[in-house]
>>> print(open('entry_17.cif').read())   # mmCIF, C-alpha atoms
data_start
#
loop_
_atom_site.label_atom_id
_atom_site.label_comp_id
_atom_site.auth_asym_id
_atom_site.auth_seq_id
_atom_site.Cartn_x
_atom_site.Cartn_y
_atom_site.Cartn_z
CA MET A 1 -26.90 214.63 77.05
CA PRO A 2 -28.68 211.28 76.66
CA ARG A 3 -28.51 208.92 73.69
CA ILE A 4 -32.04 207.88 72.78
CA LEU A 5 -33.55 205.48 70.25
CA ALA A 6 -37.15 206.51 69.49
CA LEU A 7 -39.81 204.45 67.72
CA ASP A 8 -43.29 205.28 66.47
CA ALA A 9 -46.05 203.34 64.71
CA ALA A 10 -49.16 204.89 66.26
CA LEU A 11 -50.80 206.19 63.06
CA ALA A 12 -50.54 205.57 59.30
CA GLY A 13 -46.78 205.19 59.17
CA CYS A 14 -43.78 204.30 61.27
CA SER A 15 -40.45 205.92 62.06
CA ALA A 16 -37.25 205.49 64.04
CA ALA A 17 -34.59 207.99 65.08
CA VAL A 18 -31.49 208.30 67.24
CA LEU A 19 -30.88 211.47 69.25
CA ALA A 20 -27.55 212.09 70.99
CA ASP A 21 -26.35 215.27 72.66
CA GLY A 22 -29.48 217.01 71.45
CA VAL A 23 -28.73 216.22 67.79
CA VAL A 24 -30.65 213.81 65.54
CA LEU A 25 -27.93 211.47 64.25
CA ALA A 26 -30.18 209.32 62.06
CA ALA A 27 -33.86 209.05 61.20
CA GLU A 28 -36.02 206.92 58.91
CA SER A 29 -39.74 206.77 58.19
CA ALA A 30 -42.19 204.86 56.01
CA PRO A 31 -45.87 205.51 55.24
CA GLY A 32 -48.62 202.92 55.49
CA ASP A 33 -51.32 201.54 57.77
CA ARG A 34 -49.93 197.99 57.82
CA GLY A 35 -46.71 196.07 58.24
CA HIS A 36 -45.35 198.06 61.18
CA ALA A 37 -44.14 194.96 63.01
CA ALA A 38 -42.03 193.97 59.99
CA LEU A 39 -40.78 197.46 59.13
CA LEU A 40 -39.71 198.72 62.56
CA PRO A 41 -36.92 196.24 63.52
CA PRO A 42 -34.76 196.82 60.40
CA MET A 43 -35.51 200.54 60.63
CA ALA A 44 -34.29 200.64 64.24
CA ASP A 45 -31.18 198.66 63.29
CA ALA A 46 -30.49 201.01 60.37
CA VAL A 47 -30.65 204.21 62.42
CA LEU A 48 -28.43 202.74 65.14
CA ARG A 49 -25.83 201.71 62.56
CA ARG A 50 -25.92 205.11 60.85
CA ALA A 51 -25.56 206.79 64.24
CA GLY A 52 -22.56 204.59 65.03
CA LEU A 53 -24.12 203.28 68.23
CA ARG A 54 -24.84 199.87 69.70
CA ALA A 55 -28.02 199.33 71.70
CA ALA A 56 -25.90 198.87 74.83
CA GLU A 57 -24.60 202.43 74.41
CA LEU A 58 -28.08 203.96 74.61
CA ASP A 59 -29.41 205.72 77.68
CA ALA A 60 -33.07 205.09 76.88
CA VAL A 61 -35.48 203.68 74.32
CA ALA A 62 -38.73 205.51 73.59
CA ALA A 63 -42.01 204.58 71.93
CA VAL A 64 -45.27 206.35 71.21
CA VAL A 65 -47.96 204.84 73.42
CA GLY A 66 -51.02 206.34 71.71
CA PRO A 67 -53.70 207.28 71.07
CA GLY A 68 -53.62 205.50 67.73
CA GLY A 69 -53.86 202.12 66.09
CA PHE A 70 -53.86 199.03 68.32
CA THR A 71 -51.45 196.98 66.20
CA GLY A 72 -48.92 199.72 65.50
CA ILE A 73 -48.72 200.85 69.11
CA ARG A 74 -48.19 197.27 70.27
CA ALA A 75 -45.51 196.66 67.64
CA ALA A 76 -43.50 199.74 68.63
CA LEU A 77 -43.80 199.04 72.34
CA ALA A 78 -42.83 195.38 71.98
CA LEU A 79 -39.72 196.28 69.99
CA ALA A 80 -38.80 199.06 72.42
CA GLU A 81 -39.20 196.73 75.39
CA GLY A 82 -37.06 194.07 73.72
CA ILE A 83 -34.25 196.49 72.88
CA GLY A 84 -34.42 198.14 76.29
CA LEU A 85 -34.34 194.82 78.12
CA GLY A 86 -31.39 193.57 76.08
CA ALA A 87 -29.47 196.83 76.55
CA GLY A 88 -30.38 197.24 80.20
CA VAL A 89 -31.81 200.73 79.68
CA PRO A 90 -35.22 202.23 80.53
CA VAL A 91 -38.12 202.30 78.09
CA ILE A 92 -40.11 205.54 78.19
CA GLY A 93 -43.50 206.41 76.74
CA VAL A 94 -44.56 209.47 74.75
CA THR A 95 -48.13 210.28 73.75
CA THR A 96 -49.09 210.89 70.15
CA GLY A 97 -50.01 214.46 71.02
CA GLU A 98 -46.71 215.13 72.77
CA ALA A 99 -44.81 213.92 69.71
CA LEU A 100 -46.91 216.06 67.37
CA ALA A 101 -46.64 219.11 69.63
CA ALA A 102 -42.86 218.77 70.02
CA ALA A 103 -42.46 218.95 66.24
CA VAL A 104 -44.27 222.29 65.91
CA PRO A 105 -41.70 224.97 65.03
CA ALA A 106 -41.14 227.76 67.56
CA TRP A 107 -42.49 230.45 65.23
CA ALA A 108 -45.81 228.58 64.84
CA ALA A 109 -46.15 227.80 68.54
CA ALA A 110 -45.36 231.35 69.70
CA GLY A 111 -48.42 232.69 71.52
CA ARG A 112 -50.54 229.72 70.49
CA GLY A 113 -51.78 226.60 72.20
CA ILE A 114 -51.45 223.32 70.32
CA TRP A 115 -54.29 221.00 69.40
CA ALA A 116 -53.25 217.49 68.36
CA VAL A 117 -56.18 215.81 66.60
CA VAL A 118 -56.21 212.14 65.59
CA ASP A 119 -58.83 210.20 63.64
CA ASN A 120 -60.29 207.46 65.85
CA ARG A 121 -61.55 205.59 62.73
CA ARG A 122 -65.04 205.52 64.26
CA GLY A 123 -66.34 208.82 62.93
CA LYS A 124 -64.92 210.94 65.73
CA LEU A 125 -61.54 212.40 66.74
CA LEU A 126 -59.17 212.29 69.68
CA LEU A 127 -58.00 215.67 70.95
CA GLU A 128 -54.94 216.43 73.09
CA ARG A 129 -54.67 220.08 74.13
CA PHE A 130 -51.46 221.87 75.10
CA PRO A 131 -51.41 225.39 76.56
CA ALA A 132 -49.29 228.01 74.84
CA GLY A 133 -45.60 227.55 75.63
CA SER A 134 -46.01 224.13 77.23
CA LEU A 135 -45.56 220.47 76.31
CA VAL A 136 -47.60 219.46 79.37
CA ALA A 137 -51.06 218.49 78.15
CA ALA A 138 -54.02 220.26 79.73
CA GLY A 139 -55.56 216.83 80.37
CA PRO A 140 -55.82 213.35 78.90
CA PRO A 141 -56.91 212.89 75.28
CA GLU A 142 -60.66 213.35 74.77
CA VAL A 143 -63.13 212.03 72.19
CA PHE A 144 -65.22 214.53 70.21
CA ALA A 145 -67.40 214.63 67.15
CA GLU A 146 -65.85 217.22 64.85
CA ALA A 147 -69.04 219.31 64.92
CA ALA A 148 -69.02 219.27 68.75
CA LEU A 149 -65.47 220.51 69.31
CA PRO A 150 -65.18 222.98 72.19
CA PRO A 151 -63.96 226.50 71.46
CA PRO A 152 -60.21 226.90 72.06
CA ALA A 153 -59.14 229.14 74.93
CA GLY A 154 -57.15 231.28 72.51
CA PRO A 155 -55.22 231.01 69.25
CA VAL A 156 -54.14 227.46 68.42
CA VAL A 157 -51.98 225.62 65.91
CA VAL A 158 -53.62 222.36 64.83
CA VAL A 159 -51.63 219.22 64.01
CA GLY A 160 -52.41 215.55 63.44
CA ASP A 161 -54.03 213.50 60.72
CA LEU A 162 -57.36 215.39 61.03
CA ALA A 163 -55.74 218.82 61.34
CA PRO A 164 -56.94 220.21 57.95
CA ALA A 165 -60.61 219.48 58.72
CA VAL A 166 -60.40 220.72 62.31
CA ALA A 167 -58.51 223.91 61.44
CA ALA A 168 -61.06 224.66 58.70
CA ARG A 169 -63.95 224.15 61.13
CA LEU A 170 -62.40 226.44 63.76
CA LEU A 171 -61.70 229.11 61.16
CA GLY A 172 -65.27 228.78 59.92
CA ARG A 173 -66.46 229.57 63.43
CA GLY A 174 -64.34 232.71 63.48
CA GLN A 175 -61.78 231.22 65.86
CA GLU A 176 -58.06 231.79 65.38
CA ALA A 177 -56.44 228.56 64.15
CA LEU A 178 -53.23 227.93 62.25
CA LEU A 179 -52.89 224.70 60.27
CA GLY A 180 -49.57 223.11 61.24
CA ASP A 181 -47.49 220.88 58.98
CA GLY A 182 -47.37 217.79 61.23
CA ARG A 183 -49.75 214.97 60.37
CA MET A 184 -47.92 211.96 61.85
CA PRO A 185 -45.63 211.68 64.87
CA GLU A 186 -41.93 211.90 64.04
CA ALA A 187 -39.49 209.70 65.94
CA ALA A 188 -37.02 212.59 66.18
CA ALA A 189 -39.64 214.64 68.07
CA VAL A 190 -40.40 211.60 70.24
CA ALA A 191 -36.74 211.49 71.25
CA ARG A 192 -36.78 215.19 72.15
CA VAL A 193 -39.76 214.63 74.45
CA VAL A 194 -37.92 211.77 76.15
CA ALA A 195 -34.85 213.95 76.63
CA LEU A 196 -37.09 216.36 78.54
CA ARG A 197 -38.46 213.47 80.60
CA LEU A 198 -34.97 212.27 81.48
CA ALA A 199 -34.03 215.83 82.50
CA GLY A 200 -37.07 216.03 84.80
CA ALA A 201 -38.79 218.74 82.75
CA LEU A 202 -41.73 216.43 81.98
CA ALA A 203 -43.37 213.85 84.23
CA PRO A 204 -42.51 210.18 83.60
CA LEU A 205 -44.79 208.17 81.33
CA PRO A 206 -44.65 204.36 81.47
CA PRO A 207 -44.43 202.37 78.23
CA ARG A 208 -48.02 201.14 78.29
CA PRO A 209 -50.60 201.54 75.50
CA LEU A 210 -52.81 204.60 75.91
CA TYR A 211 -56.27 203.72 74.63
CA VAL A 212 -58.88 206.43 75.10
CA GLU A 213 -61.55 204.00 73.88
CA PRO A 214 -61.72 200.19 73.88
CA PRO A 215 -59.62 198.83 71.00
CA ALA A 216 -61.66 198.12 67.88
CA VAL A 217 -60.35 194.56 67.69
CA ARG A 218 -61.50 191.25 69.13
CA LEU A 219 -59.02 189.95 71.70
CA PRO A 220 -58.49 186.18 72.00
CA ALA A 221 -60.40 184.49 74.79
#
>>> encode(input="entry_17.cif", output="structure tokens")
Amino acid sequence: MPRILALDAALAGCSAAVLADGVVLAAESAPGDRGHAALLPPMADAVLRRAGLRAAELDAVAAVVGPGGFTGIRAALALAEGIGLGAGVPVIGVTTGEALAAAVPAWAAAGRGIWAVVDNRRGKLLLERFPAGSLVAAGPPEVFAEAALPPPAGPVVVVGDLAPAVAARLLGRGQEALLGDGRMPEAAAVARVVALRLAGALAPLPPRPLYVEPPAVRLPA
């Protein structure tokens, strides 16, 4: 089984974890919208040391590619690329929705699709939909106003930072929705998704930022 270092800073927090032989050996997380670029490197170093591994002993490095915040996504990807290049191992991407969906417990996911909903900070939300029993998204993330959400195809569990509002709206429409516990991606779940990618159970995803909309920042000329 592969040894994976996973990193995330897509939403309002950041995390790092090491997975080896299917077991999470070490994990750390910190809340906050800012400071990801400063927090992630010592966090990655700490989980590697606690796992008793050097970067050169890894089989892959993973990072969440989005959707999410421009700065956090870039910080996680830059660190992942640097570690992967130095260790000579591949860097693999995971979407925010995949990470959130992979953390849903089996009892909650049984017979339900998964909706991963993320605040786009522009008055709308980003939705990734996963059919029941699958971590393969039904399509790319989509932008919706909360009031204009489509009806789910069946029962769903809702996760992500806007999950409470979305689950309440679906329930108010008489649709079957379970509010899941996950609000932010967890690096341990990111590593589990990458293990599936390395095993060929999920399609490859390159380590490039996934922006559903143009970033809400002004790029230098």
>>> closest_residue(input="entry_17.cif", among="A:Ala12, A:Pro2, A:Leu19, A:Arg49", to="Phe70 of chain A", atoms="all atoms listed in the file")
A:Ala12
>>> residues_around(input="entry_17.cif", residues="Ala145 of chain A", least_positions_apart="2", cutoff="7 Å", atoms="only C-alpha atoms", output="short mmCIF file (atom, residue, chain, number, x, y, z; two decimals) with C-alpha atoms, in the frame of the given file")
data_model
loop_
_atom_site.label_atom_id
_atom_site.label_comp_id
_atom_site.auth_asym_id
_atom_site.auth_seq_id
_atom_site.Cartn_x
_atom_site.Cartn_y
_atom_site.Cartn_z
CA LYS A 124 -64.92 210.94 65.73
CA LEU A 125 -61.54 212.40 66.74
CA ALA A 147 -69.04 219.31 64.92
CA ALA A 148 -69.02 219.27 68.75
CA LEU A 149 -65.47 220.51 69.31
#
>>> resolve_selection(input="entry_17.cif", expression="the PyMOL selection byres ((chain A and resi 110) around 12)", output="PDB file with C-alpha atoms, in the coordinates of the input")
ATOM      1  CA  VAL A 104     -44.270 222.290  65.910  1.00  0.00           C
ATOM      2  CA  PRO A 105     -41.700 224.970  65.030  1.00  0.00           C
ATOM      3  CA  ALA A 106     -41.140 227.760  67.560  1.00  0.00           C
ATOM      4  CA  TRP A 107     -42.490 230.450  65.230  1.00  0.00           C
ATOM      5  CA  ALA A 108     -45.810 228.580  64.840  1.00  0.00           C
ATOM      6  CA  ALA A 109     -46.150 227.800  68.540  1.00  0.00           C
ATOM      7  CA  GLY A 111     -48.420 232.690  71.520  1.00  0.00           C
ATOM      8  CA  ARG A 112     -50.540 229.720  70.490  1.00  0.00           C
ATOM      9  CA  GLY A 113     -51.780 226.600  72.200  1.00  0.00           C
ATOM     10  CA  ILE A 114     -51.450 223.320  70.320  1.00  0.00           C
ATOM     11  CA  PRO A 131     -51.410 225.390  76.560  1.00  0.00           C
ATOM     12  CA  ALA A 132     -49.290 228.010  74.840  1.00  0.00           C
ATOM     13  CA  GLY A 133     -45.600 227.550  75.630  1.00  0.00           C
ATOM     14  CA  SER A 134     -46.010 224.130  77.230  1.00  0.00           C
ATOM     15  CA  PRO A 155     -55.220 231.010  69.250  1.00  0.00           C
ATOM     16  CA  VAL A 156     -54.140 227.460  68.420  1.00  0.00           C
ATOM     17  CA  VAL A 157     -51.980 225.620  65.910  1.00  0.00           C
ATOM     18  CA  LEU A 178     -53.230 227.930  62.250  1.00  0.00           C
TER      19      LEU A 178
END
>>> residues_around(input="entry_17.cif", residues="Gly52 of chain A", least_positions_apart="3", cutoff="12 Å", atoms="only C-alpha atoms", output="list of chain:residue names")
A:Arg3, A:Val18, A:Leu19, A:Ala20, A:Leu25, A:Ala26, A:Asp45, A:Ala46, A:Val47, A:Leu48, A:Arg49, A:Ala55, A:Ala56, A:Glu57, A:Leu58
>>> atom_distance(input="entry_17.cif", atom1="atom CA of Arg54 of chain A", atom2="atom CA of Val190 of chain A")
19.5 Å
>>> resolve_selection(input="entry_17.cif", expression="the PyMOL selection byres ((chain A and resi 161) around 7)", output="PyMOL selection string")
chain A and resi 117-119+160+162-163+183-184
>>> write_last_selection(input="entry_17.cif", atoms="C-alpha atoms", output="compact mmCIF listing (two decimals), in the frame of the given file")
# COMPACT_ATOMS: atom_id res chain seq x y z
CA VAL A 117 -56.18 215.81 66.60
CA VAL A 118 -56.21 212.14 65.59
CA ASP A 119 -58.83 210.20 63.64
CA GLY A 160 -52.41 215.55 63.44
CA LEU A 162 -57.36 215.39 61.03
CA ALA A 163 -55.74 218.82 61.34
CA ARG A 183 -49.75 214.97 60.37
CA MET A 184 -47.92 211.96 61.85
>>> axis_aligned_box(input="entry_17.cif", around="segment 178-193 of chain A", padding_each_side="5 Å", output="AutoDock Vina command-line options")
--center_x -45.0 --center_y 218.8 --center_z 66.7 --size_x 26.5 --size_y 28.2 --size_z 25.5
>>> atom_distance(input="entry_17.cif", atom1="atom CA of Asp181 of chain A", atom2="atom CA of Val159 of chain A")
6.7 Å
>>> resolve_selection(input="entry_17.cif", expression="the PyMOL selection byres ((chain A and resi 206) around 8)", output="NGL selection string")
:A and (91-93 or 204-205 or 207-208)
